[in-house]
file coords.cif (mmCIF, C-alpha atoms and all ligand atoms)
data_target
loop_
_atom_site.group_PDB
_atom_site.id
_atom_site.type_symbol
_atom_site.label_atom_id
_atom_site.label_comp_id
_atom_site.auth_asym_id
_atom_site.auth_seq_id
_atom_site.Cartn_x
_atom_site.Cartn_y
_atom_site.Cartn_z
ATOM 1 C CA MET J 2 76.670 13.515 60.415
ATOM 2 C CA PRO J 3 74.679 16.710 59.872
ATOM 3 C CA HIS J 4 72.744 17.005 56.678
ATOM 4 C CA ASN J 5 70.796 19.822 55.074
ATOM 5 C CA PHE J 6 69.201 17.495 52.605
ATOM 6 C CA GLN J 7 65.495 18.228 52.304
ATOM 7 C CA LEU J 8 63.389 15.100 52.067
ATOM 8 C CA PRO J 9 60.353 15.082 49.793
ATOM 9 C CA PRO J 10 57.211 16.021 51.780
ATOM 10 C CA GLU J 11 55.560 12.648 51.084
ATOM 11 C CA GLN J 12 58.546 10.967 52.750
ATOM 12 C CA MET J 13 58.494 13.354 55.712
ATOM 13 C CA ASP J 14 54.782 12.628 56.194
ATOM 14 C CA ILE J 15 55.509 8.917 56.525
ATOM 15 C CA LEU J 16 58.585 9.416 58.722
ATOM 16 C CA GLU J 17 56.711 11.727 61.079
ATOM 17 C CA ARG J 18 53.764 9.370 61.375
ATOM 18 C CA TYR J 19 55.864 6.648 63.038
ATOM 19 C CA PRO J 20 58.514 8.508 65.068
ATOM 20 C CA ALA J 21 59.292 5.517 67.275
ATOM 21 C CA LEU J 22 60.365 3.457 64.278
ATOM 22 C CA PHE J 23 62.888 5.965 62.995
ATOM 23 C CA GLY J 24 64.569 7.257 66.131
ATOM 24 C CA LEU J 25 63.044 10.706 65.935
ATOM 25 C CA ALA J 26 63.551 12.717 69.081
ATOM 26 C CA PRO J 27 60.197 13.229 70.832
ATOM 27 C CA GLY J 28 58.826 16.543 69.624
ATOM 28 C CA GLY J 29 62.075 17.273 67.851
ATOM 29 C CA LYS J 30 62.899 17.628 64.222
ATOM 30 C CA GLY J 31 66.189 15.759 64.073
ATOM 31 C CA LEU J 32 66.246 12.533 62.206
ATOM 32 C CA THR J 33 68.773 10.413 64.026
ATOM 33 C CA LEU J 34 68.453 7.561 61.560
ATOM 34 C CA LEU J 35 67.354 7.269 57.958
ATOM 35 C CA GLY J 36 68.490 10.831 57.331
ATOM 36 C CA ASP J 37 68.625 10.216 53.621
ATOM 37 C CA GLY J 38 65.041 9.039 53.506
ATOM 38 C CA PHE J 39 63.761 6.226 51.334
ATOM 39 C CA ALA J 40 65.964 5.379 48.362
ATOM 40 C CA CYS J 41 63.101 4.086 46.242
ATOM 41 C CA GLY J 42 60.390 5.396 43.965
ATOM 42 C CA ALA J 43 57.196 7.059 45.175
ATOM 43 C CA GLY J 44 55.107 4.194 43.792
ATOM 44 C CA TRP J 45 56.187 2.165 46.783
ATOM 45 C CA TYR J 46 55.402 4.784 49.457
ATOM 46 C CA PRO J 47 51.869 3.411 50.107
ATOM 47 C CA ILE J 48 53.385 -0.050 50.668
ATOM 48 C CA LEU J 49 55.874 1.476 53.121
ATOM 49 C CA ASP J 50 53.154 3.420 54.904
ATOM 50 C CA ARG J 51 51.124 0.251 55.526
ATOM 51 C CA LEU J 52 54.258 -1.669 56.485
ATOM 52 C CA PHE J 53 55.306 0.896 59.097
ATOM 53 C CA ALA J 54 51.788 1.071 60.541
ATOM 54 C CA ASP J 55 51.953 -2.693 61.138
ATOM 55 C CA LEU J 56 55.520 -2.560 62.456
ATOM 56 C CA ALA J 57 54.442 0.072 64.983
ATOM 57 C CA VAL J 58 51.688 -2.278 66.202
ATOM 58 C CA ILE J 59 54.057 -5.256 66.454
ATOM 59 C CA ARG J 60 56.582 -3.021 68.231
ATOM 60 C CA ARG J 61 53.986 -2.255 70.912
ATOM 61 C CA GLU J 62 52.573 -5.776 71.193
ATOM 62 C CA ASP J 63 55.954 -7.525 71.371
ATOM 63 C CA VAL J 64 57.569 -4.728 73.408
ATOM 64 C CA LEU J 65 60.375 -4.225 70.883
ATOM 65 C CA THR J 66 61.532 -0.938 72.343
ATOM 66 C CA ARG J 67 64.830 -1.059 70.449
ATOM 67 C CA LEU J 68 63.199 -1.609 67.052
ATOM 68 C CA ARG J 69 64.451 0.888 64.475
ATOM 69 C CA VAL J 70 64.062 1.024 60.717
ATOM 70 C CA VAL J 71 67.595 1.823 59.571
ATOM 71 C CA GLN J 72 67.449 1.670 55.790
ATOM 72 C CA VAL J 73 64.862 1.620 52.997
ATOM 73 C CA LYS J 74 66.008 1.238 49.435
ATOM 74 C CA GLU J 75 65.550 -0.254 46.023
ATOM 75 C CA LYS J 76 68.017 -2.970 45.123
ATOM 76 C CA PHE J 77 67.988 -4.987 41.899
ATOM 77 C CA GLY J 78 64.409 -3.848 41.255
ATOM 78 C CA GLY J 79 63.223 -4.999 44.679
ATOM 79 C CA LEU J 80 62.311 -3.230 47.901
ATOM 80 C CA ARG J 81 64.704 -3.722 50.811
ATOM 81 C CA VAL J 82 63.838 -2.675 54.362
ATOM 82 C CA TYR J 83 66.476 -3.122 57.050
ATOM 83 C CA VAL J 84 65.760 -2.931 60.773
ATOM 84 C CA ASP J 85 67.609 -3.253 64.069
ATOM 85 C CA GLY J 86 66.026 -4.877 67.091
ATOM 86 C CA GLY J 87 63.277 -6.773 65.248
ATOM 87 C CA ASN J 88 61.956 -10.307 65.631
ATOM 88 C CA GLU J 89 60.410 -12.999 63.423
ATOM 89 C CA ARG J 90 57.044 -11.225 63.176
ATOM 90 C CA ILE J 91 58.800 -8.066 62.057
ATOM 91 C CA GLN J 92 60.841 -9.921 59.436
ATOM 92 C CA ALA J 93 57.762 -11.766 58.147
ATOM 93 C CA ARG J 94 55.828 -8.501 57.741
ATOM 94 C CA ILE J 95 58.779 -6.922 55.917
ATOM 95 C CA ALA J 96 58.971 -9.963 53.616
ATOM 96 C CA ASP J 97 55.283 -9.438 52.755
ATOM 97 C CA ALA J 98 55.943 -5.801 51.839
ATOM 98 C CA GLU J 99 58.916 -6.794 49.695
ATOM 99 C CA THR J 100 56.757 -9.366 47.875
ATOM 100 C CA GLU J 101 54.071 -6.739 47.297
ATOM 101 C CA ALA J 102 56.634 -4.249 45.984
ATOM 102 C CA ALA J 103 57.974 -6.856 43.563
ATOM 103 C CA ALA J 104 54.607 -6.739 41.755
ATOM 104 C CA THR J 105 54.175 -2.954 42.002
ATOM 105 C CA CYS J 106 55.520 -0.281 39.674
ATOM 106 C CA GLU J 107 58.072 1.725 41.634
ATOM 107 C CA HIS J 108 57.118 4.814 39.685
ATOM 108 C CA CYS J 109 53.318 4.991 39.634
ATOM 109 C CA GLY J 110 52.260 2.311 42.146
ATOM 110 C CA GLY J 111 50.296 0.352 39.531
ATOM 111 C CA PRO J 112 50.717 -3.349 38.775
ATOM 112 C CA SER J 113 54.112 -4.266 37.377
ATOM 113 C CA PRO J 114 55.350 -7.535 35.938
ATOM 114 C CA GLY J 115 58.461 -7.151 38.082
ATOM 115 C CA ARG J 116 62.060 -6.364 37.465
ATOM 116 C CA ARG J 117 62.958 -6.322 33.794
ATOM 117 C CA SER J 118 65.514 -4.912 31.459
ATOM 118 C CA HIS J 119 64.529 -1.614 29.842
ATOM 119 C CA ASP J 120 66.948 -0.665 27.095
ATOM 120 C CA GLY J 121 70.035 -1.374 29.105
ATOM 121 C CA TRP J 122 68.887 -0.575 32.639
ATOM 122 C CA TYR J 123 66.920 -2.650 35.096
ATOM 123 C CA GLY J 124 63.878 -1.517 36.951
ATOM 124 C CA ASN J 125 60.588 -2.610 38.393
ATOM 125 C CA ILE J 126 58.269 -0.336 36.437
ATOM 126 C CA CYS J 127 55.158 -0.946 34.380
ATOM 127 C CA ASP J 128 54.963 -0.769 30.588
ATOM 128 C CA SER J 129 53.396 2.674 30.436
ATOM 129 C CA CYS J 130 56.042 4.174 32.770
ATOM 130 C CA ALA J 131 58.778 2.502 30.718
ATOM 131 C CA GLN J 132 57.243 4.048 27.592
ATOM 132 C CA LYS J 133 57.118 7.514 29.151
ATOM 133 C CA ARG J 134 60.703 7.200 30.243
ATOM 134 C CA ARG J 135 61.796 6.242 26.730
ATOM 135 C CA SER J 136 60.092 9.271 25.204
ATOM 136 C CA GLU J 137 61.749 11.678 27.642
ATOM 137 C CA PRO J 138 64.840 13.457 26.344
HETATM 138 ZN ZN ZN O 201 54.077 2.667 36.315
#
call {"tool": "encode", "arguments": {"input": "coords.cif", "output": "structure tokens"}}
result
Amino acid sequence: MPHNFQLPPEQMDILERYPALFGLAPGGKGLTLLGDGFACGAGWYPILDRLFADLAVIRREDVLTRLRVVQVKEKFGGLRVYVDGGNERIQARIADAETEAAATCEHCGGPSPGRRSHDGWYGNICDSCAQKRRSEP
């Protein structure tokens, strides 16, 4: 499905750093997978960046040539990363990233007590981000 959706530059930076993980054509621009980018807040991008760096290493070491990251999103205040063609090492490393994200504000990347209710919606954001959000119109 073609898309003209422009991903935020911080997401493109991460996607372009690990082309093998996302099914990018060599030297090409076309995203064949993950065309909608990461459906989570920018506070988690550093966690994703470190995760993908490690996945790329495991991919090489364990010769997982079919490994692809197919979806990255926030669900119920937690990070979810879905892959095809992984193994136990891959799943364990993803579980670590999801644990780290559970204690990280999705908005600013600072420490967060985890998923909580904020005036009727749920999110994994810290107190000061919740405060800012409340004071916005
Ligand atoms: Zn925050």
call {"tool": "residues_around", "arguments": {"input": "coords.cif", "residues": "Gly124 (chain J)", "least_positions_apart": "6", "cutoff": "6 Å", "atoms": "all atoms listed in the file", "output": "short mmCIF file (atom, residue, chain, number, x, y, z; two decimals) with C-alpha atoms, keeping the file's coordinate frame"}}
result
data_model
loop_
_atom_site.label_atom_id
_atom_site.label_comp_id
_atom_site.auth_asym_id
_atom_site.auth_seq_id
_atom_site.Cartn_x
_atom_site.Cartn_y
_atom_site.Cartn_z
CA GLY J 78 64.41 -3.85 41.26
CA ARG J 116 62.06 -6.36 37.47
CA ARG J 117 62.96 -6.32 33.79
#
call {"tool": "residues_near_ligand", "arguments": {"input": "coords.cif", "ligand": "ligand ZN 201 (chain O)", "cutoff": "6 Å", "atoms": "all atoms listed in the file", "output": "list in words"}}
result
Cys106, His108, Cys109, Gly111, Ile126, Cys127, Ser129 and Cys130 of chain J
call {"tool": "residues_near_point", "arguments": {"input": "coords.cif", "point": "(55.8, -5.9, 52.4)", "cutoff": "12 Å", "atoms": "only C-alpha atoms", "output": "ChimeraX atom specification"}}
result
/J:45-56,73,79-83,91-105
call {"tool": "atom_distance", "arguments": {"input": "coords.cif", "atom1": "CA of Lys76 (chain J)", "atom2": "CA of Gly44 (chain J)"}}
result
14.8 Å
call {"tool": "atom_distance", "arguments": {"input": "coords.cif", "atom1": "CA of Cys41 (chain J)", "atom2": "CA of Leu65 (chain J)"}}
result
26.1 Å
call {"tool": "resolve_selection", "arguments": {"input": "coords.cif", "expression": "the PyMOL selection byres (((chain J and resi 69) around 9) and not hetatm)", "output": "ChimeraX atom specification"}}
result
/J:21-24,34,66-68,70-71,83-87
call {"tool": "closest_residue", "arguments": {"input": "coords.cif", "among": "J:Ile15, J:Ala57, J:Leu35, J:Pro9", "to": "Arg90 (chain J)", "atoms": "all atoms listed in the file"}}
result
J:Ala57
call {"tool": "closest_residue", "arguments": {"input": "coords.cif", "among": "J:Arg60, J:His119, J:Arg135, J:Lys74", "to": "Asn88 (chain J)", "atoms": "only C-alpha atoms"}}
result
J:Arg60
call {"tool": "atom_distance", "arguments": {"input": "coords.cif", "atom1": "CA of Gly38 (chain J)", "atom2": "CA of Gln12 (chain J)"}}
result
6.8 Å
call {"tool": "closest_residue", "arguments": {"input": "coords.cif", "among": "J:Leu8, J:Val64, J:Gly42, J:Arg18", "to": "Gly110 (chain J)", "atoms": "only C-alpha atoms"}}
result
J:Gly42
call {"tool": "axis_aligned_box", "arguments": {"input": "coords.cif", "around": "region 123-136 of chain J", "padding_each_side": "5 Å", "output": "JSON"}}
result
{"center_x": 60.2, "center_y": 3.3, "center_z": 31.8, "size_x": 23.5, "size_y": 21.9, "size_z": 23.2}
